[in-house]
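Listing of final.cif, mmCIF, C-alpha atoms and all ligand atoms
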```
data_protein
loop_
_atom_site.label_atom_id
_atom_site.label_comp_id
_atom_site.auth_asym_id
_atom_site.auth_seq_id
_atom_site.Cartn_x
_atom_site.Cartn_y
_atom_site.Cartn_z
CA MET L 1 -42.11 259.41 62.70
CA LYS L 2 -38.49 258.31 63.00
CA THR L 3 -35.83 260.75 64.19
CA VAL L 4 -33.27 261.37 61.44
CA LEU L 5 -31.01 263.75 63.35
CA ASP L 6 -30.67 264.05 67.11
CA VAL L 7 -28.21 266.60 68.48
CA LYS L 8 -27.87 266.23 72.24
CA GLU L 9 -26.21 268.87 74.44
CA LEU L 10 -23.42 269.41 71.92
CA LYS L 11 -20.49 271.40 73.26
CA LEU L 12 -17.52 272.47 71.18
CA ALA L 13 -14.50 274.38 72.44
CA LEU L 14 -11.40 275.98 70.99
CA LYS L 15 -8.47 273.78 71.97
CA LYS L 16 -6.45 274.99 74.95
CA ASP L 17 -4.05 277.80 74.12
CA ILE L 18 -0.49 278.05 75.49
CA PHE L 19 -1.91 279.37 78.77
CA GLY L 20 -4.18 276.33 79.08
CA VAL L 21 -7.31 278.38 78.45
CA GLU L 22 -10.18 276.63 76.69
CA ILE L 23 -12.88 278.81 75.06
CA ASN L 24 -16.32 277.26 74.77
CA ILE L 25 -18.05 278.09 71.50
CA LEU L 26 -21.00 275.71 71.27
CA ARG L 27 -22.23 275.66 74.85
CA GLY L 28 -25.16 273.26 74.66
CA VAL L 29 -26.93 272.68 71.39
CA SER L 30 -29.91 270.33 71.43
CA PHE L 31 -32.56 269.76 68.80
CA SER L 32 -33.86 266.95 66.64
CA VAL L 33 -35.18 266.54 63.13
CA ARG L 34 -37.67 263.83 62.32
CA GLU L 35 -38.42 262.12 59.01
CA ARG L 36 -39.88 264.59 56.47
CA GLU L 37 -39.60 267.41 59.01
CA SER L 38 -38.13 270.85 58.24
CA VAL L 39 -36.29 272.45 61.12
CA ALA L 40 -34.78 275.92 60.94
CA ILE L 41 -31.86 277.09 63.08
CA VAL L 42 -32.12 280.84 63.47
CA GLY L 43 -29.84 283.36 65.15
CA GLU L 44 -27.65 286.38 64.56
CA SER L 45 -24.25 286.00 62.89
CA GLY L 46 -21.70 284.47 65.22
CA SER L 47 -24.22 282.50 67.30
CA GLY L 48 -22.74 279.15 66.25
CA LYS L 49 -25.09 278.01 63.48
CA THR L 50 -22.44 277.03 60.91
CA LEU L 51 -20.31 275.23 63.50
CA THR L 52 -23.39 273.24 64.49
CA ALA L 53 -24.07 272.30 60.86
CA MET L 54 -20.43 271.31 60.31
CA ALA L 55 -20.33 269.22 63.51
CA VAL L 56 -23.45 267.37 62.38
CA VAL L 57 -21.53 265.99 59.39
CA GLY L 58 -18.37 265.36 61.42
CA LEU L 59 -16.52 268.47 60.22
CA VAL L 60 -15.13 269.87 63.46
CA PRO L 61 -12.39 272.47 62.74
CA ASP L 62 -8.86 271.28 63.61
CA ASN L 63 -8.46 273.95 66.28
CA MET L 64 -11.63 272.82 68.10
CA SER L 65 -12.77 269.72 69.92
CA VAL L 66 -16.08 268.23 71.00
CA THR L 67 -16.14 268.49 74.79
CA LYS L 68 -19.59 267.02 75.38
CA GLY L 69 -22.69 265.70 73.71
CA GLU L 70 -23.50 263.55 70.75
CA VAL L 71 -24.89 263.78 67.25
CA LEU L 72 -26.98 260.83 66.11
CA LEU L 73 -27.51 260.75 62.37
CA CYS L 74 -29.92 258.01 61.31
CA GLY L 75 -29.24 256.44 64.72
CA LYS L 76 -25.41 256.41 64.44
CA ASP L 77 -23.15 258.59 66.56
CA VAL L 78 -21.22 260.79 64.10
CA PHE L 79 -18.32 261.27 66.53
CA LYS L 80 -17.82 257.51 66.80
CA MET L 81 -17.78 256.89 63.05
CA SER L 82 -14.58 255.84 61.30
CA ARG L 83 -13.21 258.11 58.53
CA ARG L 84 -14.63 255.71 55.95
CA GLU L 85 -18.06 255.79 57.58
CA ILE L 86 -17.96 259.62 57.70
CA ARG L 87 -17.09 259.79 53.99
CA GLU L 88 -19.89 257.36 53.21
CA MET L 89 -22.36 259.22 55.42
CA ARG L 90 -21.77 262.55 53.65
CA GLY L 91 -23.96 262.43 50.62
CA THR L 92 -25.82 259.21 51.35
CA LYS L 93 -27.22 260.17 54.77
CA ALA L 94 -26.73 263.95 54.81
CA GLY L 95 -26.34 266.32 51.87
CA MET L 96 -25.08 269.86 52.41
CA ILE L 97 -25.39 273.18 50.62
CA PHE L 98 -23.76 276.45 51.63
CA GLN L 99 -24.00 280.20 51.27
CA GLU L 100 -21.57 280.81 48.38
CA PRO L 101 -22.02 278.08 45.75
CA SER L 102 -19.20 279.57 43.65
CA SER L 103 -16.71 278.76 46.45
CA TYR L 104 -17.66 275.09 46.41
CA LEU L 105 -17.90 274.46 42.68
CA ASN L 106 -14.66 273.68 40.87
CA PRO L 107 -14.24 276.30 38.08
CA VAL L 108 -12.38 273.93 35.74
CA PHE L 109 -15.05 271.20 35.61
CA THR L 110 -18.51 271.41 34.10
CA ALA L 111 -21.59 271.24 36.31
CA GLY L 112 -22.39 267.80 34.86
CA ASP L 113 -18.90 266.44 35.63
CA GLN L 114 -19.18 267.62 39.22
CA ILE L 115 -22.60 266.05 39.77
CA PHE L 116 -21.34 262.86 38.05
CA GLU L 117 -18.29 262.69 40.35
CA ALA L 118 -20.50 263.13 43.42
CA ILE L 119 -22.33 259.85 42.71
CA LYS L 120 -21.24 257.28 45.30
CA ASP L 121 -22.94 254.20 43.88
CA VAL L 122 -19.97 252.33 42.40
CA GLY L 123 -22.26 249.71 40.86
CA LEU L 124 -23.67 252.13 38.29
CA CYS L 125 -22.31 252.26 34.73
CA ARG L 126 -21.35 255.60 33.07
CA ASP L 127 -24.57 255.81 31.07
CA ASP L 128 -26.74 255.22 34.14
CA LYS L 129 -24.79 257.82 36.08
CA LYS L 130 -25.19 260.34 33.28
CA ARG L 131 -28.93 259.58 33.10
CA GLN L 132 -29.19 260.21 36.85
CA CYS L 133 -27.39 263.55 36.44
CA ILE L 134 -29.74 264.71 33.69
CA GLU L 135 -32.73 263.59 35.74
CA ILE L 136 -31.62 265.50 38.82
CA LEU L 137 -30.90 268.62 36.76
CA GLY L 138 -34.57 268.49 35.76
CA ASP L 139 -35.59 268.02 39.41
CA VAL L 140 -33.72 271.17 40.44
CA GLY L 141 -35.29 273.14 37.58
CA LEU L 142 -32.26 273.35 35.28
CA PRO L 143 -32.22 272.55 31.55
CA GLU L 144 -30.20 269.59 30.26
CA ASP L 145 -27.55 271.78 28.62
CA VAL L 146 -26.37 272.95 32.05
CA TYR L 147 -24.62 269.56 32.20
CA CYS L 148 -21.95 270.90 29.82
CA ARG L 149 -21.63 274.38 31.30
CA TYR L 150 -18.85 275.63 33.56
CA PRO L 151 -19.70 277.37 36.87
CA HIS L 152 -18.78 280.82 35.47
CA GLN L 153 -21.39 280.33 32.74
CA LEU L 154 -24.13 279.96 35.38
CA SER L 155 -25.92 282.58 37.50
CA GLY L 156 -25.70 282.45 41.30
CA GLY L 157 -29.15 280.87 41.49
CA GLN L 158 -28.22 278.24 38.87
CA GLN L 159 -24.98 277.48 40.72
CA GLN L 160 -26.94 276.94 43.94
CA ARG L 161 -29.28 274.58 42.04
CA VAL L 162 -26.24 272.60 40.85
CA MET L 163 -25.07 272.40 44.48
CA ILE L 164 -28.52 271.13 45.48
CA ALA L 165 -28.32 268.52 42.71
CA MET L 166 -24.91 267.38 44.02
CA ALA L 167 -26.24 267.26 47.58
CA LEU L 168 -29.25 265.15 46.58
CA ILE L 169 -27.76 262.87 43.92
CA ASN L 170 -27.11 260.11 46.50
CA LYS L 171 -30.62 260.38 47.96
CA PRO L 172 -29.69 261.43 51.50
CA SER L 173 -32.20 261.33 54.36
CA ILE L 174 -31.54 264.94 55.33
CA LEU L 175 -30.48 268.08 53.49
CA ILE L 176 -28.53 270.61 55.52
CA ALA L 177 -28.74 274.09 53.99
CA ASP L 178 -26.50 276.71 55.60
CA GLU L 179 -27.69 280.20 54.57
CA PRO L 180 -28.30 278.92 51.00
CA THR L 181 -29.99 282.13 49.87
CA THR L 182 -27.95 284.79 51.68
CA ALA L 183 -25.76 285.53 48.65
CA LEU L 184 -28.73 285.69 46.25
CA ASP L 185 -31.14 288.48 45.31
CA VAL L 186 -34.68 288.38 46.70
CA THR L 187 -36.42 286.82 43.69
CA THR L 188 -33.74 284.17 43.19
CA SER L 189 -33.88 283.38 46.94
CA PHE L 190 -37.61 282.92 46.67
CA GLY L 191 -37.06 280.49 43.77
CA ILE L 192 -34.57 278.44 45.81
CA ILE L 193 -36.93 278.27 48.81
CA GLU L 194 -39.79 277.15 46.56
CA LEU L 195 -37.48 274.55 45.00
CA LEU L 196 -36.46 273.23 48.43
CA LYS L 197 -40.13 272.92 49.41
CA ALA L 198 -40.87 270.95 46.22
CA LEU L 199 -37.83 268.68 46.71
CA ILE L 200 -38.72 267.94 50.35
CA ALA L 201 -42.12 266.73 49.16
CA LYS L 202 -40.79 264.80 46.13
CA TYR L 203 -37.86 263.08 47.86
CA GLY L 204 -39.49 262.71 51.32
CA LEU L 205 -36.53 264.66 52.71
CA SER L 206 -35.85 266.07 56.14
CA LEU L 207 -34.39 269.58 56.06
CA LEU L 208 -32.15 271.48 58.43
CA PHE L 209 -32.27 275.07 57.21
CA ILE L 210 -29.86 277.55 58.76
CA THR L 211 -30.43 281.27 58.51
CA HIS L 212 -30.01 284.59 60.29
CA ASP L 213 -33.35 285.69 58.76
CA ILE L 214 -36.34 284.30 60.64
CA SER L 215 -38.74 285.74 58.02
CA LEU L 216 -37.41 283.25 55.44
CA VAL L 217 -38.53 280.20 57.35
CA ALA L 218 -41.98 281.32 58.42
CA GLY L 219 -43.61 279.73 55.38
CA PHE L 220 -42.09 276.28 55.39
CA ALA L 221 -40.36 275.23 58.62
CA ASP L 222 -42.19 272.88 60.97
CA LYS L 223 -39.94 273.73 63.90
CA ILE L 224 -37.57 276.56 64.76
CA ALA L 225 -34.49 276.28 66.99
CA VAL L 226 -33.23 279.69 68.06
CA MET L 227 -29.51 279.99 68.85
CA TYR L 228 -27.87 282.62 71.00
CA ALA L 229 -24.19 282.72 71.97
CA GLY L 230 -23.58 279.05 71.22
CA ARG L 231 -26.75 277.74 72.86
CA VAL L 232 -30.18 276.76 71.62
CA VAL L 233 -32.45 278.98 73.73
CA GLU L 234 -35.80 278.03 72.22
CA VAL L 235 -37.22 275.18 70.17
CA SER L 236 -40.78 275.82 69.09
CA ASP L 237 -43.40 274.86 66.61
CA ALA L 238 -42.59 277.34 63.80
CA LYS L 239 -46.03 278.93 63.66
CA MET L 240 -46.04 279.41 67.40
CA ALA L 241 -42.52 280.90 67.40
CA ILE L 242 -43.57 283.53 64.88
CA GLU L 243 -46.97 284.34 66.38
CA LYS L 244 -46.14 283.98 70.05
CA PRO L 245 -42.36 283.76 70.57
CA ALA L 246 -41.42 282.37 73.97
CA HIS L 247 -37.83 283.53 74.51
CA PRO L 248 -37.24 287.30 74.76
CA TYR L 249 -34.50 286.95 72.10
CA THR L 250 -36.94 285.31 69.66
CA GLU L 251 -39.40 288.07 70.48
CA LYS L 252 -36.76 290.65 69.50
CA LEU L 253 -35.91 288.81 66.26
CA ILE L 254 -39.59 288.79 65.31
CA ALA L 255 -40.08 292.44 66.26
CA CYS L 256 -37.31 293.40 63.81
CA LEU L 257 -39.07 291.78 60.84
CA PRO L 258 -39.87 294.41 58.18
CA GLU L 259 -43.54 293.35 57.99
CA ARG L 260 -43.95 294.38 61.63
CA TYR L 261 -43.10 298.01 60.80
CA THR L 262 -45.57 300.80 60.40
CA SER L 263 -44.95 303.09 57.43
CA GLY L 264 -42.15 305.62 57.90
CA GLU L 265 -40.74 303.76 60.91
CA ARG L 266 -36.95 303.51 61.18
CA ILE L 267 -35.24 300.13 60.85
CA ARG L 268 -35.29 298.28 64.18
CA THR L 269 -32.35 296.31 65.49
CA ILE L 270 -31.72 294.40 68.69
CA GLU L 271 -29.81 296.75 70.97
CA GLY L 272 -26.34 295.52 71.94
CA ASN L 273 -24.16 292.90 70.28
CA VAL L 274 -23.83 289.14 70.19
CA PRO L 275 -21.43 288.46 73.09
CA ASP L 276 -17.78 287.66 72.51
CA PHE L 277 -17.12 283.99 73.29
CA ARG L 278 -14.09 285.04 75.33
CA ASN L 279 -16.32 287.11 77.55
CA ILE L 280 -19.79 285.60 77.80
CA PRO L 281 -21.98 287.53 80.28
CA SER L 282 -22.62 285.84 83.62
CA GLY L 283 -25.94 284.08 84.16
CA CYS L 284 -28.21 284.16 81.12
CA ALA L 285 -25.98 285.27 78.22
CA PHE L 286 -28.85 287.39 76.84
CA HIS L 287 -29.35 289.37 80.06
CA PRO L 288 -27.54 292.59 78.99
CA ARG L 289 -29.97 292.89 76.04
CA CYS L 290 -33.12 291.54 77.68
CA PRO L 291 -36.01 293.89 78.55
CA TYR L 292 -37.32 291.40 81.14
CA VAL L 293 -34.03 290.87 83.01
CA MET L 294 -34.40 289.89 86.69
CA ASP L 295 -31.79 289.53 89.44
CA ILE L 296 -31.60 285.76 89.00
CA CYS L 297 -30.76 286.21 85.28
CA ARG L 298 -27.48 287.98 86.08
CA LYS L 299 -26.32 285.23 88.45
CA ASN L 300 -27.59 281.95 87.03
CA GLU L 301 -28.12 280.29 83.69
CA PRO L 302 -31.66 279.07 83.10
CA ALA L 303 -32.16 275.35 82.47
CA ILE L 304 -34.53 274.14 79.74
CA THR L 305 -38.21 274.43 80.61
CA THR L 306 -40.59 272.44 78.45
CA LYS L 307 -44.17 273.58 77.88
CA GLU L 308 -46.76 272.55 75.30
CA GLY L 309 -45.36 273.27 71.81
CA PHE L 310 -42.04 274.73 72.95
CA SER L 311 -39.00 274.38 75.16
CA VAL L 312 -37.09 277.42 76.31
CA ARG L 313 -34.13 278.53 78.41
CA CYS L 314 -35.55 281.49 80.30
CA PHE L 315 -36.40 282.18 83.93
CA ARG L 316 -39.73 283.69 82.91
CA TYR L 317 -40.98 280.13 82.28
CA GLY L 318 -39.33 278.20 85.11
CA LYS L 319 -36.79 278.87 87.80
CA ASP L 320 -34.62 275.77 87.28
CA VAL L 321 -30.94 276.63 87.08
CA GLU L 322 -28.47 275.08 84.60
CA TYR L 323 -25.62 273.69 86.65
CA ASP L 324 -23.56 272.35 83.75
CA LYS L 325 -22.55 275.86 82.80
CA CYS L 326 -19.26 275.17 81.01
CA LEU L 327 -18.32 278.80 81.46
N1 LIG E 1 -12.29 277.51 63.24
C1 LIG E 1 -12.59 278.49 64.07
N2 LIG E 1 -11.66 279.01 64.92
C2 LIG E 1 -11.96 279.97 65.82
N3 LIG E 1 -13.19 280.53 65.95
C3 LIG E 1 -14.15 280.08 65.11
C4 LIG E 1 -13.92 279.06 64.13
N4 LIG E 1 -15.08 278.83 63.46
C5 LIG E 1 -15.98 279.68 63.99
N5 LIG E 1 -15.44 280.42 64.97
C6 LIG E 1 -16.14 281.40 65.80
O1 LIG E 1 -17.24 280.74 66.41
C7 LIG E 1 -18.35 281.61 66.46
C8 LIG E 1 -19.55 280.96 65.80
O2 LIG E 1 -19.27 280.84 64.42
P1 LIG E 1 -20.32 280.34 63.33
O3 LIG E 1 -20.79 278.98 63.69
O4 LIG E 1 -19.68 280.48 61.99
O5 LIG E 1 -21.51 281.40 63.51
P2 LIG E 1 -22.78 281.66 62.58
O6 LIG E 1 -22.81 280.64 61.51
O7 LIG E 1 -23.95 281.59 63.51
O8 LIG E 1 -22.59 283.04 62.04
C9 LIG E 1 -17.95 282.90 65.82
O9 LIG E 1 -17.56 283.79 66.85
C10 LIG E 1 -16.76 282.52 64.97
O10 LIG E 1 -15.87 283.59 64.83
S1 LIG E 2 -33.49 284.35 81.63
FE1 LIG E 2 -33.81 286.48 82.18
S2 LIG E 2 -32.34 287.63 80.95
FE2 LIG E 2 -32.49 285.60 80.08
S3 LIG E 2 -33.98 285.82 78.49
FE3 LIG E 2 -35.10 285.13 80.30
S4 LIG E 2 -35.79 286.99 81.33
FE4 LIG E 2 -34.24 287.59 79.82
MG MG E 3 -22.76 280.85 59.41
#
```

Would you put the structure from the file into C-alpha cells?
Amino acid sequence: MKTVLDVKELKLALKKDIFGVEINILRGVSFSVRERESVAIVGESGSGKTLTAMAVVGLVPDNMSVTKGEVLLCGKDVFKMSRREIREMRGTKAGMIFQEPSSYLNPVFTAGDQIFEAIKDVGLCRDDKKRQCIEILGDVGLPEDVYCRYPHQLSGGQQQRVMIAMALINKPSILIADEPTTALDVTTSFGIIELLKALIAKYGLSLLFITHDISLVAGFADKIAVMYAGRVVEVSDAKMAIEKPAHPYTEKLIACLPERYTSGERIRTIEGNVPDFRNIPSGCAFHPRCPYVMDICRKNEPAITTKEGFSVRCFRYGKDVEYDKCL
C-alpha cells in the first residue's frame, strides 16, 4: 500500500526570544499513514498533538519555526510547497476537522452555503455543486433540509457532521481529525466514530485521528502513535498497543482506562504532570513518572528501537542513545 503521509523527525521550536533562547516544542515526531490506514495519535494534553496536525497541513504558528524534519503528503514535501500549492492541498489532499465545530462554522451562512463554498472544482456548475452538497449531507447522515439551516439551528453532533462534509467534499486522500468528539456527549461521540468508520470504508480514506483518550481508538485504529512531551515514543499495531503496550507511558495510559477498574476502585491517573517545554527533564523526558526508571534514563535519551509490530523509545528495549537531543 502507498504511503499517504510520512512525517519524518519533525521538530518545531518557538522562535528565539529577545535573549536568543529557542524552546523546542515538537522534538522529533515520526510516523506514517498508508492508503486506507487509520492511525491514531494519542497523548495527554500539551504533548504536541495539535501542533503536529497543524504542521502536517502547513499551518505552523507565526511564532514557531520548523527546525528539522519533513512532512511528505502524497509524496510532496509540505514545507517546500508554494502558498498556492498549500491552499490547493488543503481539501483536495488533506481534509481537517477539529474539536469545536461551532468555532469553525460561520454563524451567518447556512450549512449548505459553507459546504458549497468549500468546493474547489472550478469546472462544476452551480447545480452540480449543489447536487454534490446534498449527496455529501446524505453520506454524513444528515437530512437534505440541513442545507438551509444555520449553525445555531444544529446540534453539536450535526455541526461536526457538517464539518466532516466540508472536509470530504473535495475527496481528499486523508482526513485529519483533531479531538473531533471531545466536545460531544458520549452517545453523539459514538455516532461520529461510527460515521468516520463508514466513511473510511466508502471513500477509501486514510485517517489521522488525534485524541487524548486511547479508549476511543481501540475499536478502529490500525496503528497508534503515542506522543509524550513533543516526541513520538511508541508506534504500534493498535491491538498490540492496547493488549501489550511497549512504552511505560502507554502502559500507564492503558492502566487508567475505566474498563480496567475493579468495582469501587478510585479513578486512576498518571502520577506527575506533562513536563513544561521550558524545563524538559534530562535524559528520557518520562523518567520522573516512570516506574521502571534506570540510571541511564536520567542521563540519556533513548533512540528508537524497532521490534516486530512496534517501535519504541525506551531503554528497556535497547540501549541505543539518541544523540540528536535538541534540548
Ligand atoms: N502558538 C503557540 N505558541 C506558544 N506555545 C504553543 C503554541 N501552540 C501550542 N503551544 C504549546 O505547545 C504545547 C503543545 O501544544 P498542542 O500541540 O496544542 O498540545 P495537544 O494538542 O497535545 O494538547 C503546549 O504546551 C502548548 O501550550
Ligand atoms: S527510557 Fe527509562 S525512564 Fe524512559 S520510559 Fe524507558 S524505562 Fe522509563
Ligand atoms: Mg490539541

Test item: residues no farther than 10 Å from ligand LIG 1 (chain E), counting all atoms listed in the file, as a compact mmCIF listing (two decimals) with C-alpha atoms, keeping the file's coordinate frame:
```txt
# COMPACT_ATOMS: atom_id res chain seq x y z
CA LEU L 12 -17.52 272.47 71.18
CA ALA L 13 -14.50 274.38 72.44
CA LEU L 14 -11.40 275.98 70.99
CA LYS L 15 -8.47 273.78 71.97
CA ILE L 23 -12.88 278.81 75.06
CA ASN L 24 -16.32 277.26 74.77
CA ILE L 25 -18.05 278.09 71.50
CA LEU L 26 -21.00 275.71 71.27
CA ILE L 41 -31.86 277.09 63.08
CA VAL L 42 -32.12 280.84 63.47
CA GLY L 43 -29.84 283.36 65.15
CA GLU L 44 -27.65 286.38 64.56
CA SER L 45 -24.25 286.00 62.89
CA GLY L 46 -21.70 284.47 65.22
CA SER L 47 -24.22 282.50 67.30
CA GLY L 48 -22.74 279.15 66.25
CA LYS L 49 -25.09 278.01 63.48
CA THR L 50 -22.44 277.03 60.91
CA LEU L 51 -20.31 275.23 63.50
CA THR L 52 -23.39 273.24 64.49
CA ALA L 53 -24.07 272.30 60.86
CA MET L 54 -20.43 271.31 60.31
CA ALA L 55 -20.33 269.22 63.51
CA VAL L 60 -15.13 269.87 63.46
CA PRO L 61 -12.39 272.47 62.74
CA ASP L 62 -8.86 271.28 63.61
CA ASN L 63 -8.46 273.95 66.28
CA MET L 64 -11.63 272.82 68.10
CA ASP L 178 -26.50 276.71 55.60
CA GLU L 179 -27.69 280.20 54.57
CA ILE L 210 -29.86 277.55 58.76
CA THR L 211 -30.43 281.27 58.51
CA HIS L 212 -30.01 284.59 60.29
CA MET L 227 -29.51 279.99 68.85
CA TYR L 228 -27.87 282.62 71.00
CA ALA L 229 -24.19 282.72 71.97
CA GLY L 230 -23.58 279.05 71.22
CA VAL L 274 -23.83 289.14 70.19
CA PRO L 275 -21.43 288.46 73.09
CA ASP L 276 -17.78 287.66 72.51
CA PHE L 277 -17.12 283.99 73.29
CA ARG L 278 -14.09 285.04 75.33
```

| Who sits within 8 Å of L:Pro151, only C-alpha atoms, same chain under 6 positions skipped, as a VMD selection string | chain L and resid 102 105 to 107 109 to 111 159

Just write the chosen residues, C-alpha atoms, as a PDB file, keeping the file's coordinate frame.
```pdb
ATOM      1  CA  SER L 102     -19.200 279.570  43.650  1.00  0.00           C
ATOM      2  CA  LEU L 105     -17.900 274.460  42.680  1.00  0.00           C
ATOM      3  CA  ASN L 106     -14.660 273.680  40.870  1.00  0.00           C
ATOM      4  CA  PRO L 107     -14.240 276.300  38.080  1.00  0.00           C
ATOM      5  CA  PHE L 109     -15.050 271.200  35.610  1.00  0.00           C
ATOM      6  CA  THR L 110     -18.510 271.410  34.100  1.00  0.00           C
ATOM      7  CA  ALA L 111     -21.590 271.240  36.310  1.00  0.00           C
ATOM      8  CA  GLN L 159     -24.980 277.480  40.720  1.00  0.00           C
TER       9      GLN L 159
END
```

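Excluding L:Glu70 and any residue on its chain fewer than 3 positions from it, the residues at most 12 Å away by only C-alpha atoms are Leu5, Asp6, Val7, Lys8, Glu9, Leu10, Lys11, Leu12, Gly28, Val29, Ser30, Phe31, Ser32, Thr52, Ala55, Val56, Val57, Gly58, Val66, Thr67, Leu73, Gly75, Lys76, Asp77, Val78, Phe79, Lys80 and Met81 of chain L.
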
With a cut-off of 9 Å, could you pull out the residues of chain L touching ligand LIG 2 (chain E) and give me the nearest pair of atoms for each, distance in Å to one decimal, using all atoms listed in the file, ordered by chain and ascending number, as a Markdown table?
```
| residue | atom | partner | partner_atom | distance |
| --- | --- | --- | --- | --- |
| L:Val233 | CA | E:LIG2 | S3 | 8.5 |
| L:His247 | CA | E:LIG2 | S3 | 6.0 |
| L:Pro248 | CA | E:LIG2 | S3 | 5.2 |
| L:Tyr249 | CA | E:LIG2 | S3 | 6.5 |
| L:Gly283 | CA | E:LIG2 | FE2 | 7.9 |
| L:Cys284 | CA | E:LIG2 | FE2 | 4.6 |
| L:Ala285 | CA | E:LIG2 | FE2 | 6.8 |
| L:Phe286 | CA | E:LIG2 | FE2 | 5.2 |
| L:His287 | CA | E:LIG2 | S2 | 3.6 |
| L:Pro288 | CA | E:LIG2 | S2 | 7.2 |
| L:Arg289 | CA | E:LIG2 | S2 | 7.6 |
| L:Cys290 | CA | E:LIG2 | FE4 | 4.6 |
| L:Pro291 | CA | E:LIG2 | FE4 | 6.7 |
| L:Tyr292 | CA | E:LIG2 | S4 | 4.7 |
| L:Val293 | CA | E:LIG2 | S2 | 4.2 |
| L:Met294 | CA | E:LIG2 | FE1 | 5.7 |
| L:Asp295 | CA | E:LIG2 | FE1 | 8.1 |
| L:Ile296 | CA | E:LIG2 | FE1 | 7.2 |
| L:Cys297 | CA | E:LIG2 | FE1 | 4.4 |
| L:Arg298 | CA | E:LIG2 | S2 | 7.1 |
| L:Asn300 | CA | E:LIG2 | S1 | 8.4 |
| L:Glu301 | CA | E:LIG2 | S1 | 7.0 |
| L:Pro302 | CA | E:LIG2 | S1 | 5.8 |
| L:Val312 | CA | E:LIG2 | FE3 | 8.9 |
| L:Arg313 | CA | E:LIG2 | S1 | 6.7 |
| L:Cys314 | CA | E:LIG2 | FE3 | 3.7 |
| L:Phe315 | CA | E:LIG2 | S1 | 4.3 |
| L:Arg316 | CA | E:LIG2 | S4 | 5.4 |
| L:Tyr317 | CA | E:LIG2 | FE3 | 8.0 |
| L:Lys319 | CA | E:LIG2 | S1 | 8.9 |
```

Would you save the residues of that selection, restricted to C-alpha atoms, as a compact mmCIF listing (two decimals), in the frame of the given file?
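See part-v7.txt below for the written result:
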```txt
# COMPACT_ATOMS: atom_id res chain seq x y z
CA VAL L 233 -32.45 278.98 73.73
CA HIS L 247 -37.83 283.53 74.51
CA PRO L 248 -37.24 287.30 74.76
CA TYR L 249 -34.50 286.95 72.10
CA GLY L 283 -25.94 284.08 84.16
CA CYS L 284 -28.21 284.16 81.12
CA ALA L 285 -25.98 285.27 78.22
CA PHE L 286 -28.85 287.39 76.84
CA HIS L 287 -29.35 289.37 80.06
CA PRO L 288 -27.54 292.59 78.99
CA ARG L 289 -29.97 292.89 76.04
CA CYS L 290 -33.12 291.54 77.68
CA PRO L 291 -36.01 293.89 78.55
CA TYR L 292 -37.32 291.40 81.14
CA VAL L 293 -34.03 290.87 83.01
CA MET L 294 -34.40 289.89 86.69
CA ASP L 295 -31.79 289.53 89.44
CA ILE L 296 -31.60 285.76 89.00
CA CYS L 297 -30.76 286.21 85.28
CA ARG L 298 -27.48 287.98 86.08
CA ASN L 300 -27.59 281.95 87.03
CA GLU L 301 -28.12 280.29 83.69
CA PRO L 302 -31.66 279.07 83.10
CA VAL L 312 -37.09 277.42 76.31
CA ARG L 313 -34.13 278.53 78.41
CA CYS L 314 -35.55 281.49 80.30
CA PHE L 315 -36.40 282.18 83.93
CA ARG L 316 -39.73 283.69 82.91
CA TYR L 317 -40.98 280.13 82.28
CA LYS L 319 -36.79 278.87 87.80
```

| task | May I ask for the distance between atom CA of L:Val232 and atom CA of L:Val33, given in Å to one decimal place? | result | 14.2 Å

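The list of residues with at least one atom within 12 Å of L:Ala198, based on only C-alpha atoms and without residues fewer than 4 positions apart in the same chain, reads Asp139, Val140, Gly141, Gly191, Ile192, Ile193, Glu194, Lys202, Tyr203, Gly204, Leu205, Leu207 and Phe220 of chain L.
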
| field | Point (-31.2, 262.4, 58.1), cut-off 7 Å, counting all atoms listed in the file, residues as a list in words | value |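 Answer for this query, in the requested form: Val4, Leu5, Leu73, Cys74, Lys93, Ala94, Pro172, Ser173, Ile174 and Ser206 of chain L.
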
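Nearest to L:Lys171 of all the residues L:Ile136, L:Thr3, L:Arg34, L:Arg83 is L:Ile136, counting only C-alpha atoms.
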
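Distance-wise, atom CA of L:Glu251 and atom CA of L:Lys197 end up 26.0 Å apart.
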
| atom CA of L:Leu216 to atom CA of L:Leu253, straight-line distance in Å | 12.3 Å

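Here the question is which of L:Val122, L:Ile270, L:Ala177, L:Leu72 gets nearest to ligand MG 3 (chain E) using all atoms listed in the file, and that residue is L:Ala177.
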
| Looking at only C-alpha atoms and all ligand atoms, which of L:Gly318, L:Pro245, L:Gly309, L:Pro180 is the one that sits closest to ligand MG 3 (chain E)? |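 Residue with the minimum atom-to-atom distance to ligand MG 3 (chain E): L:Pro180.
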
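The nearest approach to ligand MG 3 (chain E) among the residues L:Asp127, L:Thr182, L:Val21, L:Ile134, with all atoms listed in the file taken into account, belongs to L:Thr182.
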
| field | Minimum-distance residue to ligand MG 3 (chain E), chosen among L:Met89, L:Ile200, L:Ile115, L:Phe209 (using only C-alpha atoms and all ligand atoms) | value |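 For ligand MG 3 (chain E), the nearest of the given residues is L:Phe209.
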
| request: Excluding L:Pro143 and any residue of its chain fewer than 4 positions from it, enumerate the residues within 12 Å of it, using only C-alpha atoms, and give them as a VMD selection string. | output: chain L and resid 111 to 112 133 to 139 147 to 149 154 158 161 to 162

Could you complete stretch 235-239 of chain L so that it carries N, CA and C atoms, and give it back as a PDB file, in the coordinates of the input?
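Final output, selection_9.pdb:
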```pdb
ATOM      1  N   VAL L 235     -36.784 276.034  71.282  1.00  0.00           N
ATOM      2  CA  VAL L 235     -37.220 275.180  70.170  1.00  0.00           C
ATOM      3  C   VAL L 235     -38.740 275.204  70.206  1.00  0.00           C
ATOM      4  N   SER L 236     -39.329 275.659  69.104  1.00  0.00           N
ATOM      5  CA  SER L 236     -40.780 275.820  69.090  1.00  0.00           C
ATOM      6  C   SER L 236     -41.356 275.342  67.781  1.00  0.00           C
ATOM      7  N   ASP L 237     -42.622 275.015  67.820  1.00  0.00           N
ATOM      8  CA  ASP L 237     -43.400 274.860  66.610  1.00  0.00           C
ATOM      9  C   ASP L 237     -43.245 276.189  65.850  1.00  0.00           C
ATOM     10  N   ALA L 238     -42.959 276.122  64.535  1.00  0.00           N
ATOM     11  CA  ALA L 238     -42.590 277.340  63.800  1.00  0.00           C
ATOM     12  C   ALA L 238     -43.690 278.410  63.854  1.00  0.00           C
ATOM     13  N   LYS L 239     -44.930 277.976  63.683  1.00  0.00           N
ATOM     14  CA  LYS L 239     -46.030 278.930  63.660  1.00  0.00           C
ATOM     15  C   LYS L 239     -46.114 279.649  65.006  1.00  0.00           C
TER      16      LYS L 239
END
```
